[in-house]
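Quick look at protein10.csv (CSV, C-alpha atoms):
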chain,number,residue,atom,x,y,z
A,27,MET,CA,11.3,-38.9,129.8
A,28,ALA,CA,14.2,-40.5,127.9
A,29,PHE,CA,11.9,-41.8,125.3
A,30,THR,CA,10.4,-38.4,124.5
A,31,PRO,CA,13.2,-37.2,122.2
A,32,LYS,CA,13.2,-40.6,120.4
A,33,ILE,CA,9.5,-40.4,119.9
A,34,ILE,CA,9.6,-36.9,118.5
A,35,THR,CA,12.5,-37.9,116.2
A,36,CYS,CA,10.5,-40.9,114.9
A,37,LEU,CA,7.4,-38.7,114.3
A,38,ILE,CA,9.4,-36.2,112.4
A,39,VAL,CA,11.0,-38.9,110.2
A,40,LEU,CA,7.6,-40.5,109.5
A,41,THR,CA,6.1,-37.1,108.6
A,42,ILE,CA,8.9,-36.4,106.2
A,43,TYR,CA,8.6,-39.8,104.5
A,44,MET,CA,4.8,-39.8,104.4
A,45,ALA,CA,4.5,-36.2,103.1
A,46,SER,CA,3.7,-36.0,99.4
A,47,PRO,CA,6.2,-33.8,97.5
A,48,THR,CA,4.6,-30.6,96.3
A,49,GLU,CA,7.6,-29.2,94.3
A,50,SER,CA,9.6,-30.7,91.6
A,51,THR,CA,13.2,-31.6,92.1
A,52,ILE,CA,13.9,-31.6,88.3
A,53,GLN,CA,15.4,-28.5,86.7
A,54,CYS,CA,14.8,-27.5,83.1
A,55,GLY,CA,18.5,-27.7,82.5
A,56,THR,CA,18.3,-31.4,83.3
A,57,VAL,CA,15.4,-31.9,80.9
A,58,THR,CA,17.1,-30.1,78.0
A,59,SER,CA,20.4,-31.8,78.5
A,60,THR,CA,18.8,-35.2,78.8
A,61,LEU,CA,17.0,-34.8,75.5
A,62,ALA,CA,19.7,-32.8,73.6
A,63,GLN,CA,20.5,-35.8,71.5
A,64,CYS,CA,17.0,-35.7,70.1
A,65,VAL,CA,17.1,-32.3,68.5
A,66,THR,CA,18.5,-33.3,65.1
A,67,TYR,CA,15.9,-36.0,64.8
A,68,LEU,CA,13.0,-33.8,65.9
A,69,THR,CA,13.9,-31.1,63.4
A,70,ASN,CA,14.0,-33.6,60.5
A,71,SER,CA,17.8,-33.1,60.3
A,72,GLY,CA,18.9,-36.7,60.9
A,73,PRO,CA,18.0,-40.2,62.0
A,74,LEU,CA,16.9,-41.1,65.5
A,75,PRO,CA,20.1,-41.6,67.6
A,76,SER,CA,20.0,-44.3,70.2
A,77,GLN,CA,21.1,-41.8,72.8
A,78,CYS,CA,17.9,-39.9,72.3
A,79,CYS,CA,15.8,-42.8,73.5
A,80,VAL,CA,18.2,-43.4,76.3
A,81,GLY,CA,17.5,-39.8,77.3
A,82,VAL,CA,13.7,-40.2,76.9
A,83,LYS,CA,13.8,-43.3,79.1
A,84,SER,CA,16.0,-41.6,81.7
A,85,LEU,CA,13.8,-38.6,81.9
A,86,TYR,CA,10.7,-40.9,82.3
A,87,GLN,CA,12.4,-42.6,85.2
A,88,LEU,CA,13.4,-39.3,86.8
A,89,ALA,CA,9.8,-37.9,86.6
A,90,GLN,CA,7.9,-40.2,88.9
A,91,THR,CA,5.9,-37.7,90.9
A,92,THR,CA,3.1,-35.4,89.8
A,93,PRO,CA,5.2,-32.2,90.4
A,94,ASP,CA,8.1,-33.7,88.5
A,95,ARG,CA,6.0,-34.6,85.5
A,96,LYS,CA,4.3,-31.1,85.5
A,97,GLN,CA,7.8,-29.5,85.6
A,98,VAL,CA,9.1,-31.7,82.8
A,99,CYS,CA,6.0,-30.7,80.7
A,100,GLU,CA,6.6,-27.0,81.3
A,101,CYS,CA,10.3,-27.3,80.6
A,102,LEU,CA,9.6,-29.2,77.3
A,103,LYS,CA,7.2,-26.5,76.2
A,104,LEU,CA,9.7,-23.7,77.0
A,105,ALA,CA,12.6,-25.6,75.2
A,106,GLY,CA,10.3,-26.3,72.2
A,107,LYS,CA,9.7,-22.6,71.7
A,108,GLU,CA,13.5,-22.0,71.4
A,109,ILE,CA,14.1,-24.7,68.8
A,110,LYS,CA,13.3,-23.7,65.3
A,111,GLY,CA,11.9,-26.2,62.9
A,112,LEU,CA,10.5,-28.8,65.3
A,113,ASN,CA,8.4,-31.4,63.6
A,114,THR,CA,5.4,-31.6,66.1
A,115,ASP,CA,4.4,-35.0,64.8
A,116,LEU,CA,7.8,-36.4,65.6
A,117,VAL,CA,7.8,-34.7,69.0
A,118,ALA,CA,4.4,-36.1,69.9
A,119,ALA,CA,5.4,-39.6,68.8
A,120,LEU,CA,8.9,-39.6,70.5
A,121,PRO,CA,7.9,-41.4,73.7
A,122,THR,CA,6.2,-44.2,71.8
A,123,THR,CA,9.0,-44.4,69.3
A,124,CYS,CA,11.4,-44.9,72.2
A,125,GLY,CA,9.2,-47.5,73.9
A,126,VAL,CA,7.9,-45.3,76.7
A,127,SER,CA,4.2,-45.1,77.4
A,128,ILE,CA,2.8,-42.0,79.0
A,129,PRO,CA,-0.9,-41.2,79.6
A,130,TYR,CA,-0.9,-37.7,78.2
A,131,PRO,CA,0.0,-36.1,74.9
A,132,ILE,CA,3.2,-34.4,74.1
A,133,SER,CA,2.2,-31.1,72.5
A,134,PHE,CA,2.6,-27.4,72.8
A,135,SER,CA,-1.1,-27.2,73.7
A,136,THR,CA,-0.9,-29.7,76.6
A,137,ASN,CA,-2.1,-28.3,79.9
A,138,CYS,CA,0.7,-29.2,82.2
A,139,ASP,CA,-1.4,-28.6,85.3
A,140,SER,CA,-3.6,-31.5,84.3
A,141,ILE,CA,-0.8,-34.0,84.3
A,142,SER,CA,-0.6,-36.5,87.2
A,143,THR,CA,1.0,-39.8,88.0
A,144,ALA,CA,-2.3,-41.5,87.9
A,145,VAL,CA,-3.0,-43.7,84.9

Could you render the structure as structure tokens?
Amino acid sequence: MAFTPKIITCLIVLTIYMASPTESTIQCGTVTSTLAQCVTYLTNSGPLPSQCCVGVKSLYQLAQTTPDRKQVCECLKLAGKEIKGLNTDLVAALPTTCGVSIPYPISFSTNCDSISTAV
């Protein structure tokens, strides 16, 4: 009987680690603050600051699960609506410009529900 609590504990731990996350841990505030250095570039108001690409790469590393990537997509669409004068061509090209390859387009018309971690 002494093994029963240990077995139950092991099963709980395994279940937690094996369960696929269904909700994002990334907040929109994190997305917008991580990419804040990009706004002047994306509104044709200045050159591409190196910190912008640091933010793009950081956000890419943060969003490794499907729920996280969907959340980032939704946050970007919401933030984009608030920023006047965004150059949509620069927005769409930003990941590539910063050396990040993602398998879906960056656009206001992107269906965030169709995004996954599968390539």

>> Excluding Cys124 in chain A and its own-chain neighbours fewer than 5 positions away, which residues fall within 10 Å of it when counting only C-alpha atoms? Please give them as a ChimeraX atom specification.
In response: /A:74,76,78-83,119

>> Could you list, as a PyMOL selection string, every residue within 12 Å of range 58-68 of chain A, counting all atoms listed in the file and ignoring same-chain residues fewer than 2 positions away?
In response: chain A and resi 52-56+70-88+98-106+108-121+123-124

> Quick one, how far is CA of Pro93 in chain A from CA of Glu49 in chain A?
Replying inline: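 Taking CA of Pro93 in chain A and CA of Glu49 in chain A, their separation equals 5.5 Å.
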
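You will find CA of Pro129 in chain A at 22.8 Å from CA of Lys107 in chain A.
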
>> Can you measure CA of Thr92 in chain A to CA of Thr143 in chain A for me? One decimal in Å is fine.
In response: 5.2 Å
